[in-house]
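One file, model-v3.cif, is given below (mmCIF, N, CA and C atoms and all ligand atoms).
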data_my_file
loop_
_atom_site.group_PDB
_atom_site.id
_atom_site.type_symbol
_atom_site.label_atom_id
_atom_site.label_comp_id
_atom_site.auth_asym_id
_atom_site.auth_seq_id
_atom_site.Cartn_x
_atom_site.Cartn_y
_atom_site.Cartn_z
ATOM 1 N N MET A 1 -68.308 -24.906 65.326
ATOM 2 C CA MET A 1 -69.424 -25.047 66.271
ATOM 3 C C MET A 1 -70.596 -24.169 65.839
ATOM 4 N N THR A 2 -71.256 -24.596 64.798
ATOM 5 C CA THR A 2 -72.344 -23.774 64.272
ATOM 6 C C THR A 2 -73.519 -23.700 65.234
ATOM 7 N N ALA A 3 -73.545 -24.629 66.217
ATOM 8 C CA ALA A 3 -74.671 -24.627 67.151
ATOM 9 C C ALA A 3 -74.724 -23.336 67.960
ATOM 10 N N SER A 4 -73.550 -22.735 68.174
ATOM 11 C CA SER A 4 -73.531 -21.543 68.995
ATOM 12 C C SER A 4 -73.604 -20.265 68.163
ATOM 13 N N ARG A 5 -73.748 -20.438 66.847
ATOM 14 C CA ARG A 5 -73.688 -19.269 65.975
ATOM 15 C C ARG A 5 -74.786 -18.259 66.286
ATOM 16 N N SER A 6 -76.035 -18.736 66.399
ATOM 17 C CA SER A 6 -77.116 -17.781 66.619
ATOM 18 C C SER A 6 -77.011 -17.125 67.986
ATOM 19 N N ALA A 7 -76.493 -17.881 68.955
ATOM 20 C CA ALA A 7 -76.297 -17.298 70.281
ATOM 21 C C ALA A 7 -75.253 -16.187 70.225
ATOM 22 N N ARG A 8 -74.156 -16.455 69.474
ATOM 23 C CA ARG A 8 -73.129 -15.432 69.317
ATOM 24 C C ARG A 8 -73.678 -14.214 68.577
ATOM 25 N N GLU A 9 -74.499 -14.503 67.582
ATOM 26 C CA GLU A 9 -75.078 -13.422 66.796
ATOM 27 C C GLU A 9 -75.939 -12.521 67.679
ATOM 28 N N LYS A 10 -76.746 -13.139 68.524
ATOM 29 C CA LYS A 10 -77.602 -12.360 69.429
ATOM 30 C C LYS A 10 -76.781 -11.533 70.396
ATOM 31 N N LYS A 11 -75.749 -12.150 70.942
ATOM 32 C CA LYS A 11 -74.903 -11.442 71.902
ATOM 33 C C LYS A 11 -74.213 -10.264 71.232
ATOM 34 N N ALA A 12 -73.646 -10.520 70.042
ATOM 35 C CA ALA A 12 -72.948 -9.447 69.322
ATOM 36 C C ALA A 12 -73.922 -8.324 68.977
ATOM 37 N N ALA A 13 -75.130 -8.687 68.553
ATOM 38 C CA ALA A 13 -76.110 -7.672 68.171
ATOM 39 C C ALA A 13 -76.503 -6.820 69.371
ATOM 40 N N SER A 14 -76.630 -7.440 70.522
ATOM 41 C CA SER A 14 -77.026 -6.670 71.701
ATOM 42 C C SER A 14 -75.899 -5.740 72.131
ATOM 43 N N GLU A 15 -74.652 -6.166 71.922
ATOM 44 C CA GLU A 15 -73.524 -5.299 72.266
ATOM 45 C C GLU A 15 -73.361 -4.165 71.263
ATOM 46 N N ALA A 16 -73.637 -4.462 70.010
ATOM 47 C CA ALA A 16 -73.394 -3.473 68.954
ATOM 48 C C ALA A 16 -74.426 -2.356 68.960
ATOM 49 N N GLY A 17 -75.597 -2.602 69.536
ATOM 50 C CA GLY A 17 -76.593 -1.552 69.639
ATOM 51 C C GLY A 17 -77.621 -1.582 68.516
ATOM 52 N N SER A 18 -78.535 -0.615 68.563
ATOM 53 C CA SER A 18 -79.708 -0.682 67.696
ATOM 54 C C SER A 18 -79.403 -0.335 66.246
ATOM 55 N N LEU A 19 -78.321 0.387 65.976
ATOM 56 C CA LEU A 19 -78.009 0.761 64.588
ATOM 57 C C LEU A 19 -77.392 -0.389 63.809
ATOM 58 N N ALA A 20 -76.833 -1.343 64.518
ATOM 59 C CA ALA A 20 -76.055 -2.395 63.869
ATOM 60 C C ALA A 20 -76.934 -3.537 63.380
ATOM 61 N N ARG A 21 -76.484 -4.114 62.288
ATOM 62 C CA ARG A 21 -77.059 -5.358 61.806
ATOM 63 C C ARG A 21 -75.944 -6.390 61.827
ATOM 64 N N VAL A 22 -76.032 -7.329 62.730
ATOM 65 C CA VAL A 22 -74.950 -8.295 62.911
ATOM 66 C C VAL A 22 -75.320 -9.614 62.267
ATOM 67 N N LYS A 23 -74.377 -10.123 61.491
ATOM 68 C CA LYS A 23 -74.590 -11.421 60.864
ATOM 69 C C LYS A 23 -73.324 -12.235 61.006
ATOM 70 N N ILE A 24 -73.476 -13.485 61.358
ATOM 71 C CA ILE A 24 -72.326 -14.368 61.442
ATOM 72 C C ILE A 24 -72.498 -15.488 60.436
ATOM 73 N N ASP A 25 -71.555 -15.552 59.502
ATOM 74 C CA ASP A 25 -71.549 -16.635 58.537
ATOM 75 C C ASP A 25 -70.493 -17.648 58.944
ATOM 76 N N VAL A 26 -70.522 -18.788 58.281
ATOM 77 C CA VAL A 26 -69.471 -19.781 58.482
ATOM 78 C C VAL A 26 -68.796 -19.991 57.134
ATOM 79 N N ASP A 27 -67.477 -19.832 57.100
ATOM 80 C CA ASP A 27 -66.787 -19.943 55.815
ATOM 81 C C ASP A 27 -66.458 -21.395 55.489
ATOM 82 N N ALA A 28 -65.744 -21.576 54.380
ATOM 83 C CA ALA A 28 -65.465 -22.926 53.893
ATOM 84 C C ALA A 28 -64.598 -23.716 54.864
ATOM 85 N N ASN A 29 -63.875 -23.019 55.726
ATOM 86 C CA ASN A 29 -63.023 -23.691 56.711
ATOM 87 C C ASN A 29 -63.694 -23.827 58.065
ATOM 88 N N ASP A 30 -65.027 -23.688 58.077
ATOM 89 C CA ASP A 30 -65.782 -23.801 59.315
ATOM 90 C C ASP A 30 -65.419 -22.726 60.334
ATOM 91 N N ARG A 31 -64.956 -21.616 59.855
ATOM 92 C CA ARG A 31 -64.677 -20.516 60.762
ATOM 93 C C ARG A 31 -65.825 -19.517 60.701
ATOM 94 N N PHE A 32 -66.035 -18.841 61.803
ATOM 95 C CA PHE A 32 -67.040 -17.792 61.807
ATOM 96 C C PHE A 32 -66.540 -16.591 61.009
ATOM 97 N N VAL A 33 -67.461 -15.952 60.309
ATOM 98 C CA VAL A 33 -67.168 -14.690 59.645
ATOM 99 C C VAL A 33 -68.157 -13.666 60.177
ATOM 100 N N TYR A 34 -67.633 -12.669 60.828
ATOM 101 C CA TYR A 34 -68.490 -11.672 61.454
ATOM 102 C C TYR A 34 -68.736 -10.525 60.507
ATOM 103 N N LYS A 35 -69.996 -10.146 60.380
ATOM 104 C CA LYS A 35 -70.323 -9.019 59.538
ATOM 105 C C LYS A 35 -71.219 -8.078 60.325
ATOM 106 N N ILE A 36 -70.755 -6.857 60.464
ATOM 107 C CA ILE A 36 -71.551 -5.839 61.134
ATOM 108 C C ILE A 36 -71.800 -4.731 60.128
ATOM 109 N N SER A 37 -73.063 -4.439 59.860
ATOM 110 C CA SER A 37 -73.357 -3.356 58.939
ATOM 111 C C SER A 37 -74.189 -2.302 59.645
ATOM 112 N N CYS A 38 -74.186 -1.099 59.054
ATOM 113 C CA CYS A 38 -74.879 0.020 59.672
ATOM 114 C C CYS A 38 -76.204 0.242 58.970
ATOM 115 N N SER A 39 -77.272 0.259 59.744
ATOM 116 C CA SER A 39 -78.599 0.392 59.145
ATOM 117 C C SER A 39 -78.859 1.818 58.684
ATOM 118 N N GLN A 40 -78.057 2.775 59.123
ATOM 119 C CA GLN A 40 -78.306 4.168 58.744
ATOM 120 C C GLN A 40 -77.462 4.638 57.573
ATOM 121 N N CYS A 41 -76.278 4.050 57.420
ATOM 122 C CA CYS A 41 -75.365 4.545 56.401
ATOM 123 C C CYS A 41 -75.611 3.861 55.065
ATOM 124 N N VAL A 42 -76.634 4.310 54.392
ATOM 125 C CA VAL A 42 -76.909 3.797 53.064
ATOM 126 C C VAL A 42 -76.663 4.943 52.087
ATOM 127 N N ALA A 43 -75.552 4.873 51.386
ATOM 128 C CA ALA A 43 -75.234 5.919 50.411
ATOM 129 C C ALA A 43 -75.693 5.453 49.040
ATOM 130 N N ARG A 44 -76.212 6.381 48.260
ATOM 131 C CA ARG A 44 -76.712 6.021 46.944
ATOM 132 C C ARG A 44 -75.579 5.452 46.099
ATOM 133 N N GLY A 45 -75.796 4.293 45.526
ATOM 134 C CA GLY A 45 -74.785 3.699 44.671
ATOM 135 C C GLY A 45 -73.673 2.995 45.427
ATOM 136 N N HIS A 46 -73.785 2.970 46.748
ATOM 137 C CA HIS A 46 -72.767 2.300 47.533
ATOM 138 C C HIS A 46 -73.409 1.246 48.421
ATOM 139 N N LEU A 47 -72.574 0.309 48.816
ATOM 140 C CA LEU A 47 -73.036 -0.665 49.781
ATOM 141 C C LEU A 47 -73.177 -0.006 51.139
ATOM 142 N N LYS A 48 -73.984 -0.593 51.975
ATOM 143 C CA LYS A 48 -74.030 -0.135 53.352
ATOM 144 C C LYS A 48 -72.652 -0.266 53.971
ATOM 145 N N TRP A 49 -72.369 0.611 54.913
ATOM 146 C CA TRP A 49 -71.108 0.468 55.636
ATOM 147 C C TRP A 49 -71.123 -0.879 56.346
ATOM 148 N N SER A 50 -70.022 -1.570 56.275
ATOM 149 C CA SER A 50 -69.965 -2.812 57.034
ATOM 150 C C SER A 50 -68.529 -3.204 57.331
ATOM 151 N N ALA A 51 -68.385 -3.901 58.418
ATOM 152 C CA ALA A 51 -67.099 -4.497 58.772
ATOM 153 C C ALA A 51 -67.261 -5.997 58.594
ATOM 154 N N TYR A 52 -66.305 -6.591 57.917
ATOM 155 C CA TYR A 52 -66.414 -8.005 57.582
ATOM 156 C C TYR A 52 -65.094 -8.659 57.950
ATOM 157 N N ARG A 53 -65.119 -9.507 58.946
ATOM 158 C CA ARG A 53 -63.870 -10.087 59.431
ATOM 159 C C ARG A 53 -64.029 -11.578 59.673
ATOM 160 N N PRO A 54 -63.146 -12.378 59.083
ATOM 161 C CA PRO A 54 -63.171 -13.809 59.366
ATOM 162 C C PRO A 54 -62.420 -14.120 60.648
ATOM 163 N N GLY A 55 -62.636 -15.319 61.144
ATOM 164 C CA GLY A 55 -61.890 -15.755 62.314
ATOM 165 C C GLY A 55 -62.778 -15.902 63.529
ATOM 166 N N GLY A 56 -62.218 -16.404 64.580
ATOM 167 C CA GLY A 56 -62.976 -16.654 65.798
ATOM 168 C C GLY A 56 -63.126 -15.396 66.611
ATOM 169 N N ASP A 57 -62.693 -15.447 67.858
ATOM 170 C CA ASP A 57 -62.839 -14.290 68.730
ATOM 171 C C ASP A 57 -62.043 -13.096 68.209
ATOM 172 N N ASN A 58 -60.917 -13.348 67.547
ATOM 173 C CA ASN A 58 -60.139 -12.246 66.991
ATOM 174 C C ASN A 58 -60.931 -11.516 65.915
ATOM 175 N N GLY A 59 -61.613 -12.294 65.079
ATOM 176 C CA GLY A 59 -62.429 -11.701 64.030
ATOM 177 C C GLY A 59 -63.561 -10.892 64.623
ATOM 178 N N PHE A 60 -64.151 -11.425 65.661
ATOM 179 C CA PHE A 60 -65.229 -10.716 66.331
ATOM 180 C C PHE A 60 -64.734 -9.384 66.885
ATOM 181 N N MET A 61 -63.589 -9.424 67.546
ATOM 182 C CA MET A 61 -63.057 -8.198 68.135
ATOM 183 C C MET A 61 -62.711 -7.183 67.064
ATOM 184 N N ALA A 62 -62.122 -7.650 65.957
ATOM 185 C CA ALA A 62 -61.725 -6.729 64.898
ATOM 186 C C ALA A 62 -62.954 -6.068 64.269
ATOM 187 N N ALA A 63 -63.997 -6.857 64.044
ATOM 188 C CA ALA A 63 -65.218 -6.296 63.455
ATOM 189 C C ALA A 63 -65.874 -5.327 64.434
ATOM 190 N N MET A 64 -65.918 -5.714 65.698
ATOM 191 C CA MET A 64 -66.552 -4.859 66.691
ATOM 192 C C MET A 64 -65.751 -3.577 66.904
ATOM 193 N N ASP A 65 -64.416 -3.664 66.838
ATOM 194 C CA ASP A 65 -63.590 -2.454 66.952
ATOM 195 C C ASP A 65 -63.940 -1.474 65.844
ATOM 196 N N ARG A 66 -64.036 -1.992 64.613
ATOM 197 C CA ARG A 66 -64.357 -1.104 63.488
ATOM 198 C C ARG A 66 -65.729 -0.480 63.693
ATOM 199 N N TRP A 67 -66.644 -1.283 64.228
ATOM 200 C CA TRP A 67 -67.995 -0.775 64.457
ATOM 201 C C TRP A 67 -67.993 0.331 65.521
ATOM 202 N N VAL A 68 -67.214 0.120 66.577
ATOM 203 C CA VAL A 68 -67.124 1.126 67.641
ATOM 204 C C VAL A 68 -66.590 2.443 67.066
ATOM 205 N N PHE A 69 -65.564 2.356 66.219
ATOM 206 C CA PHE A 69 -65.016 3.570 65.607
ATOM 207 C C PHE A 69 -66.041 4.227 64.684
ATOM 208 N N HIS A 70 -66.776 3.399 63.953
ATOM 209 C CA HIS A 70 -67.804 3.946 63.057
ATOM 210 C C HIS A 70 -68.854 4.707 63.867
ATOM 211 N N LEU A 71 -69.312 4.127 64.953
ATOM 212 C CA LEU A 71 -70.322 4.777 65.788
ATOM 213 C C LEU A 71 -69.816 6.103 66.338
ATOM 214 N N THR A 72 -68.589 6.115 66.843
ATOM 215 C CA THR A 72 -68.089 7.337 67.464
ATOM 216 C C THR A 72 -67.844 8.419 66.414
ATOM 217 N N GLU A 73 -67.460 7.998 65.178
ATOM 218 C CA GLU A 73 -67.185 8.994 64.143
ATOM 219 C C GLU A 73 -68.447 9.491 63.467
ATOM 220 N N LYS A 74 -69.334 8.571 63.140
ATOM 221 C CA LYS A 74 -70.480 8.931 62.297
ATOM 222 C C LYS A 74 -71.770 9.156 63.087
ATOM 223 N N HIS A 75 -71.873 8.548 64.212
ATOM 224 C CA HIS A 75 -73.123 8.654 64.971
ATOM 225 C C HIS A 75 -72.847 9.028 66.422
ATOM 226 N N PRO A 76 -72.177 10.168 66.639
ATOM 227 C CA PRO A 76 -71.909 10.565 68.024
ATOM 228 C C PRO A 76 -73.221 10.795 68.763
ATOM 229 N N GLY A 77 -73.257 10.400 69.995
ATOM 230 C CA GLY A 77 -74.490 10.549 70.766
ATOM 231 C C GLY A 77 -75.311 9.284 70.795
ATOM 232 N N THR A 78 -74.980 8.347 69.888
ATOM 233 C CA THR A 78 -75.675 7.068 69.899
ATOM 234 C C THR A 78 -75.225 6.262 71.111
ATOM 235 N N ASP A 79 -76.167 5.640 71.765
ATOM 236 C CA ASP A 79 -75.813 4.821 72.915
ATOM 237 C C ASP A 79 -75.801 3.352 72.506
ATOM 238 N N ALA A 80 -74.698 2.693 72.789
ATOM 239 C CA ALA A 80 -74.598 1.264 72.509
ATOM 240 C C ALA A 80 -73.655 0.653 73.530
ATOM 241 N N PRO A 81 -73.959 -0.559 73.977
ATOM 242 C CA PRO A 81 -73.093 -1.187 74.986
ATOM 243 C C PRO A 81 -71.646 -1.321 74.531
ATOM 244 N N CYS A 82 -71.432 -1.499 73.225
ATOM 245 C CA CYS A 82 -70.067 -1.725 72.731
ATOM 246 C C CYS A 82 -69.185 -0.495 72.899
ATOM 247 N N LEU A 83 -69.795 0.691 73.110
ATOM 248 C CA LEU A 83 -68.977 1.893 73.275
ATOM 249 C C LEU A 83 -68.106 1.794 74.522
ATOM 250 N N ALA A 84 -68.471 0.901 75.434
ATOM 251 C CA ALA A 84 -67.626 0.664 76.604
ATOM 252 C C ALA A 84 -66.286 0.067 76.193
ATOM 253 N N PHE A 85 -66.226 -0.511 74.977
ATOM 254 C CA PHE A 85 -64.984 -1.127 74.492
ATOM 255 C C PHE A 85 -64.069 -0.118 73.806
ATOM 256 N N LEU A 86 -64.499 1.153 73.702
ATOM 257 C CA LEU A 86 -63.722 2.118 72.919
ATOM 258 C C LEU A 86 -62.261 2.228 73.359
ATOM 259 N N PRO A 87 -61.977 2.350 74.655
ATOM 260 C CA PRO A 87 -60.555 2.429 75.047
ATOM 261 C C PRO A 87 -59.770 1.189 74.618
ATOM 262 N N ASP A 88 -60.377 0.016 74.747
ATOM 263 C CA ASP A 88 -59.702 -1.210 74.312
ATOM 264 C C ASP A 88 -59.491 -1.210 72.800
ATOM 265 N N ALA A 89 -60.519 -0.754 72.077
ATOM 266 C CA ALA A 89 -60.427 -0.724 70.615
ATOM 267 C C ALA A 89 -59.314 0.214 70.166
ATOM 268 N N GLN A 90 -59.213 1.367 70.823
ATOM 269 C CA GLN A 90 -58.161 2.310 70.468
ATOM 270 C C GLN A 90 -56.790 1.740 70.770
ATOM 271 N N GLN A 91 -56.698 1.020 71.877
ATOM 272 C CA GLN A 91 -55.439 0.382 72.244
ATOM 273 C C GLN A 91 -55.027 -0.638 71.184
ATOM 274 N N ARG A 92 -56.005 -1.453 70.739
ATOM 275 C CA ARG A 92 -55.688 -2.469 69.730
ATOM 276 C C ARG A 92 -55.310 -1.827 68.401
ATOM 277 N N LEU A 93 -56.009 -0.741 68.036
ATOM 278 C CA LEU A 93 -55.686 -0.037 66.799
ATOM 279 C C LEU A 93 -54.254 0.478 66.855
ATOM 280 N N HIS A 94 -53.902 1.046 67.999
ATOM 281 C CA HIS A 94 -52.561 1.575 68.197
ATOM 282 C C HIS A 94 -51.524 0.463 68.036
ATOM 283 N N GLN A 95 -51.816 -0.692 68.642
ATOM 284 C CA GLN A 95 -50.894 -1.826 68.556
ATOM 285 C C GLN A 95 -50.729 -2.301 67.114
ATOM 286 N N ARG A 96 -51.877 -2.391 66.396
ATOM 287 C CA ARG A 96 -51.817 -2.851 65.003
ATOM 288 C C ARG A 96 -50.981 -1.897 64.171
ATOM 289 N N ARG A 97 -51.145 -0.590 64.400
ATOM 290 C CA ARG A 97 -50.394 0.386 63.617
ATOM 291 C C ARG A 97 -48.904 0.272 63.904
ATOM 292 N N GLU A 98 -48.571 0.021 65.168
ATOM 293 C CA GLU A 98 -47.163 -0.128 65.510
ATOM 294 C C GLU A 98 -46.572 -1.374 64.871
ATOM 295 N N GLU A 99 -47.383 -2.448 64.867
ATOM 296 C CA GLU A 99 -46.902 -3.689 64.248
ATOM 297 C C GLU A 99 -46.706 -3.508 62.746
ATOM 298 N N GLN A 100 -47.656 -2.806 62.113
ATOM 299 C CA GLN A 100 -47.529 -2.563 60.673
ATOM 300 C C GLN A 100 -46.320 -1.683 60.382
ATOM 301 N N GLY A 101 -46.098 -0.694 61.256
ATOM 302 C CA GLY A 101 -44.963 0.189 61.071
ATOM 303 C C GLY A 101 -43.652 -0.565 61.214
ATOM 304 N N ALA A 102 -43.650 -1.528 62.136
ATOM 305 C CA ALA A 102 -42.435 -2.309 62.363
ATOM 306 C C ALA A 102 -42.197 -3.289 61.223
ATOM 307 N N GLY A 103 -43.309 -3.782 60.631
ATOM 308 C CA GLY A 103 -43.157 -4.761 59.567
ATOM 309 C C GLY A 103 -42.818 -4.080 58.262
HETATM 310 ZN ZN ZN A 201 -73.434 4.405 60.176
#
Would you mind writing the structure in this file as structure tokens?
Ligand SMILES: [Zn+2]
Amino acid sequence: MTASRSAREKKAASEAGSLARVKIDVDANDRFVYKISCSQCVARGHLKWSAYRPGGDNGFMAAMDRWVFHLTEKHPGTDAPCLAFLPDAQQRLHQRREEQGAG
């Protein structure tokens, strides 16, 4: 559903806050690929920090979780609507680690 791509992009960008650069691509399987990069973290000789996750809503959540962690670690004091998701993001991270440990 590429028709909703720009709408999703706008929504994600507004949630991610002013530091984020949100881009949604569509891969060869017609799935959304979410890319969130940081406009401040430009290291010489390195790519900008970014989270890149394929998939639908799961991909969006995974990319946004990484972004929330990046903001809290690297840019404390930054205000962004997505920081409200931090407890959920930590919960999901915990679950993923447990699943990986079990596997
Ligand atoms: Zn950053």
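Using the PyMOL selection byres (((not hetatm) and name CA) within 6 of (chain A and resi 201)) on the file at hand returns these residues: Cys38, Gln40, Cys41 and Lys74 of chain A.
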Secondary structure check, strand (DSSP E) residues of chain A, as a PyMOL selection string: chain A and resi 20-26+32-38+50-54
Ala28 (chain A) environment, 12 Å, only C-alpha atoms, sequence neighbours closer than 5 positions dropped, as a ChimeraX atom specification:
/A:33,54-55
Output N, CA and C atoms for every residue in that selection, as a short mmCIF file (atom, residue, chain, number, x, y, z; two decimals), in the frame of the given file.
data_model
loop_
_atom_site.label_atom_id
_atom_site.label_comp_id
_atom_site.auth_asym_id
_atom_site.auth_seq_id
_atom_site.Cartn_x
_atom_site.Cartn_y
_atom_site.Cartn_z
N VAL A 33 -67.46 -15.95 60.31
CA VAL A 33 -67.17 -14.69 59.64
C VAL A 33 -68.16 -13.67 60.18
N PRO A 54 -63.15 -12.38 59.08
CA PRO A 54 -63.17 -13.81 59.37
C PRO A 54 -62.42 -14.12 60.65
N GLY A 55 -62.64 -15.32 61.14
CA GLY A 55 -61.89 -15.76 62.31
C GLY A 55 -62.78 -15.90 63.53
#
Residues in the PyMOL selection byres (((chain A and resi 76-84) around 6) and not hetatm), expressed as an mmCIF file with N, CA and C atoms, in the frame of the given file:
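Result went into selection27.cif, see below:
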data_model
loop_
_atom_site.group_PDB
_atom_site.id
_atom_site.type_symbol
_atom_site.label_atom_id
_atom_site.label_comp_id
_atom_site.auth_asym_id
_atom_site.auth_seq_id
_atom_site.Cartn_x
_atom_site.Cartn_y
_atom_site.Cartn_z
ATOM 1 N N SER A 14 -76.630 -7.440 70.522
ATOM 2 C CA SER A 14 -77.026 -6.670 71.701
ATOM 3 C C SER A 14 -75.899 -5.740 72.131
ATOM 4 N N GLU A 15 -74.652 -6.166 71.922
ATOM 5 C CA GLU A 15 -73.524 -5.299 72.266
ATOM 6 C C GLU A 15 -73.361 -4.165 71.263
ATOM 7 N N ALA A 16 -73.637 -4.462 70.010
ATOM 8 C CA ALA A 16 -73.394 -3.473 68.954
ATOM 9 C C ALA A 16 -74.426 -2.356 68.960
ATOM 10 N N GLY A 17 -75.597 -2.602 69.536
ATOM 11 C CA GLY A 17 -76.593 -1.552 69.639
ATOM 12 C C GLY A 17 -77.621 -1.582 68.516
ATOM 13 N N SER A 18 -78.535 -0.615 68.563
ATOM 14 C CA SER A 18 -79.708 -0.682 67.696
ATOM 15 C C SER A 18 -79.403 -0.335 66.246
ATOM 16 N N VAL A 68 -67.214 0.120 66.577
ATOM 17 C CA VAL A 68 -67.124 1.126 67.641
ATOM 18 C C VAL A 68 -66.590 2.443 67.066
ATOM 19 N N LEU A 71 -69.312 4.127 64.953
ATOM 20 C CA LEU A 71 -70.322 4.777 65.788
ATOM 21 C C LEU A 71 -69.816 6.103 66.338
ATOM 22 N N THR A 72 -68.589 6.115 66.843
ATOM 23 C CA THR A 72 -68.089 7.337 67.464
ATOM 24 C C THR A 72 -67.844 8.419 66.414
ATOM 25 N N GLU A 73 -67.460 7.998 65.178
ATOM 26 C CA GLU A 73 -67.185 8.994 64.143
ATOM 27 C C GLU A 73 -68.447 9.491 63.467
ATOM 28 N N LYS A 74 -69.334 8.571 63.140
ATOM 29 C CA LYS A 74 -70.480 8.931 62.297
ATOM 30 C C LYS A 74 -71.770 9.156 63.087
ATOM 31 N N HIS A 75 -71.873 8.548 64.212
ATOM 32 C CA HIS A 75 -73.123 8.654 64.971
ATOM 33 C C HIS A 75 -72.847 9.028 66.422
ATOM 34 N N PHE A 85 -66.226 -0.511 74.977
ATOM 35 C CA PHE A 85 -64.984 -1.127 74.492
ATOM 36 C C PHE A 85 -64.069 -0.118 73.806
ATOM 37 N N LEU A 86 -64.499 1.153 73.702
ATOM 38 C CA LEU A 86 -63.722 2.118 72.919
ATOM 39 C C LEU A 86 -62.261 2.228 73.359
ATOM 40 N N PRO A 87 -61.977 2.350 74.655
ATOM 41 C CA PRO A 87 -60.555 2.429 75.047
ATOM 42 C C PRO A 87 -59.770 1.189 74.618
#
Atom N of Phe69 (chain A) sits from atom C of Ile24 (chain A) at a separation of 20.0 Å
Around the point (-62.8, -8.6, 67.3) in the file's coordinates, collect all residues with an atom within 12 Å, using only C-alpha atoms, and return them as a tab-separated table (two decimals) with N, CA and C atoms, in the coordinates of the input.
chain	number	residue	atom	x	y	z
A	12	ALA	N	-73.65	-10.52	70.04
A	12	ALA	CA	-72.95	-9.45	69.32
A	12	ALA	C	-73.92	-8.32	68.98
A	16	ALA	N	-73.64	-4.46	70.01
A	16	ALA	CA	-73.39	-3.47	68.95
A	16	ALA	C	-74.43	-2.36	68.96
A	32	PHE	N	-66.04	-18.84	61.80
A	32	PHE	CA	-67.04	-17.79	61.81
A	32	PHE	C	-66.54	-16.59	61.01
A	33	VAL	N	-67.46	-15.95	60.31
A	33	VAL	CA	-67.17	-14.69	59.64
A	33	VAL	C	-68.16	-13.67	60.18
A	34	TYR	N	-67.63	-12.67	60.83
A	34	TYR	CA	-68.49	-11.67	61.45
A	34	TYR	C	-68.74	-10.52	60.51
A	35	LYS	N	-70.00	-10.15	60.38
A	35	LYS	CA	-70.32	-9.02	59.54
A	35	LYS	C	-71.22	-8.08	60.32
A	36	ILE	N	-70.76	-6.86	60.46
A	36	ILE	CA	-71.55	-5.84	61.13
A	36	ILE	C	-71.80	-4.73	60.13
A	51	ALA	N	-68.39	-3.90	58.42
A	51	ALA	CA	-67.10	-4.50	58.77
A	51	ALA	C	-67.26	-6.00	58.59
A	52	TYR	N	-66.31	-6.59	57.92
A	52	TYR	CA	-66.41	-8.01	57.58
A	52	TYR	C	-65.09	-8.66	57.95
A	53	ARG	N	-65.12	-9.51	58.95
A	53	ARG	CA	-63.87	-10.09	59.43
A	53	ARG	C	-64.03	-11.58	59.67
A	54	PRO	N	-63.15	-12.38	59.08
A	54	PRO	CA	-63.17	-13.81	59.37
A	54	PRO	C	-62.42	-14.12	60.65
A	55	GLY	N	-62.64	-15.32	61.14
A	55	GLY	CA	-61.89	-15.76	62.31
A	55	GLY	C	-62.78	-15.90	63.53
A	56	GLY	N	-62.22	-16.40	64.58
A	56	GLY	CA	-62.98	-16.65	65.80
A	56	GLY	C	-63.13	-15.40	66.61
A	57	ASP	N	-62.69	-15.45	67.86
A	57	ASP	CA	-62.84	-14.29	68.73
A	57	ASP	C	-62.04	-13.10	68.21
A	58	ASN	N	-60.92	-13.35	67.55
A	58	ASN	CA	-60.14	-12.25	66.99
A	58	ASN	C	-60.93	-11.52	65.92
A	59	GLY	N	-61.61	-12.29	65.08
A	59	GLY	CA	-62.43	-11.70	64.03
A	59	GLY	C	-63.56	-10.89	64.62
A	60	PHE	N	-64.15	-11.42	65.66
A	60	PHE	CA	-65.23	-10.72	66.33
A	60	PHE	C	-64.73	-9.38	66.89
A	61	MET	N	-63.59	-9.42	67.55
A	61	MET	CA	-63.06	-8.20	68.14
A	61	MET	C	-62.71	-7.18	67.06
A	62	ALA	N	-62.12	-7.65	65.96
A	62	ALA	CA	-61.72	-6.73	64.90
A	62	ALA	C	-62.95	-6.07	64.27
A	63	ALA	N	-64.00	-6.86	64.04
A	63	ALA	CA	-65.22	-6.30	63.46
A	63	ALA	C	-65.87	-5.33	64.43
A	64	MET	N	-65.92	-5.71	65.70
A	64	MET	CA	-66.55	-4.86	66.69
A	64	MET	C	-65.75	-3.58	66.90
A	65	ASP	N	-64.42	-3.66	66.84
A	65	ASP	CA	-63.59	-2.45	66.95
A	65	ASP	C	-63.94	-1.47	65.84
A	66	ARG	N	-64.04	-1.99	64.61
A	66	ARG	CA	-64.36	-1.10	63.49
A	66	ARG	C	-65.73	-0.48	63.69
A	67	TRP	N	-66.64	-1.28	64.23
A	67	TRP	CA	-68.00	-0.78	64.46
A	67	TRP	C	-67.99	0.33	65.52
A	68	VAL	N	-67.21	0.12	66.58
A	68	VAL	CA	-67.12	1.13	67.64
A	68	VAL	C	-66.59	2.44	67.07
A	82	CYS	N	-71.43	-1.50	73.22
A	82	CYS	CA	-70.07	-1.72	72.73
A	82	CYS	C	-69.18	-0.50	72.90
A	85	PHE	N	-66.23	-0.51	74.98
A	85	PHE	CA	-64.98	-1.13	74.49
A	85	PHE	C	-64.07	-0.12	73.81
A	88	ASP	N	-60.38	0.02	74.75
A	88	ASP	CA	-59.70	-1.21	74.31
A	88	ASP	C	-59.49	-1.21	72.80
A	89	ALA	N	-60.52	-0.75	72.08
A	89	ALA	CA	-60.43	-0.72	70.61
A	89	ALA	C	-59.31	0.21	70.17
A	92	ARG	N	-56.00	-1.45	70.74
A	92	ARG	CA	-55.69	-2.47	69.73
A	92	ARG	C	-55.31	-1.83	68.40
A	93	LEU	N	-56.01	-0.74	68.04
A	93	LEU	CA	-55.69	-0.04	66.80
A	93	LEU	C	-54.25	0.48	66.86
| request: Could you please write out, as a PyMOL selection string, every residue of chain A that DSSP assigns to helix (DSSP H, G or I)? | output: chain A and resi 2-16+57-74+81-102
re CA of Lys10 (chain A) and atom N of Ser39 (chain A): distance 15.9 Å
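Interatomic distance, CA of Asp27 (chain A) to CA of His70 (chain A): 25.0 Å.
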One residue among A:Asn29, A:Ser37, A:Gln91, A:Val22 is nearest to Arg5 (chain A) when using only C-alpha atoms, and that residue is A:Val22
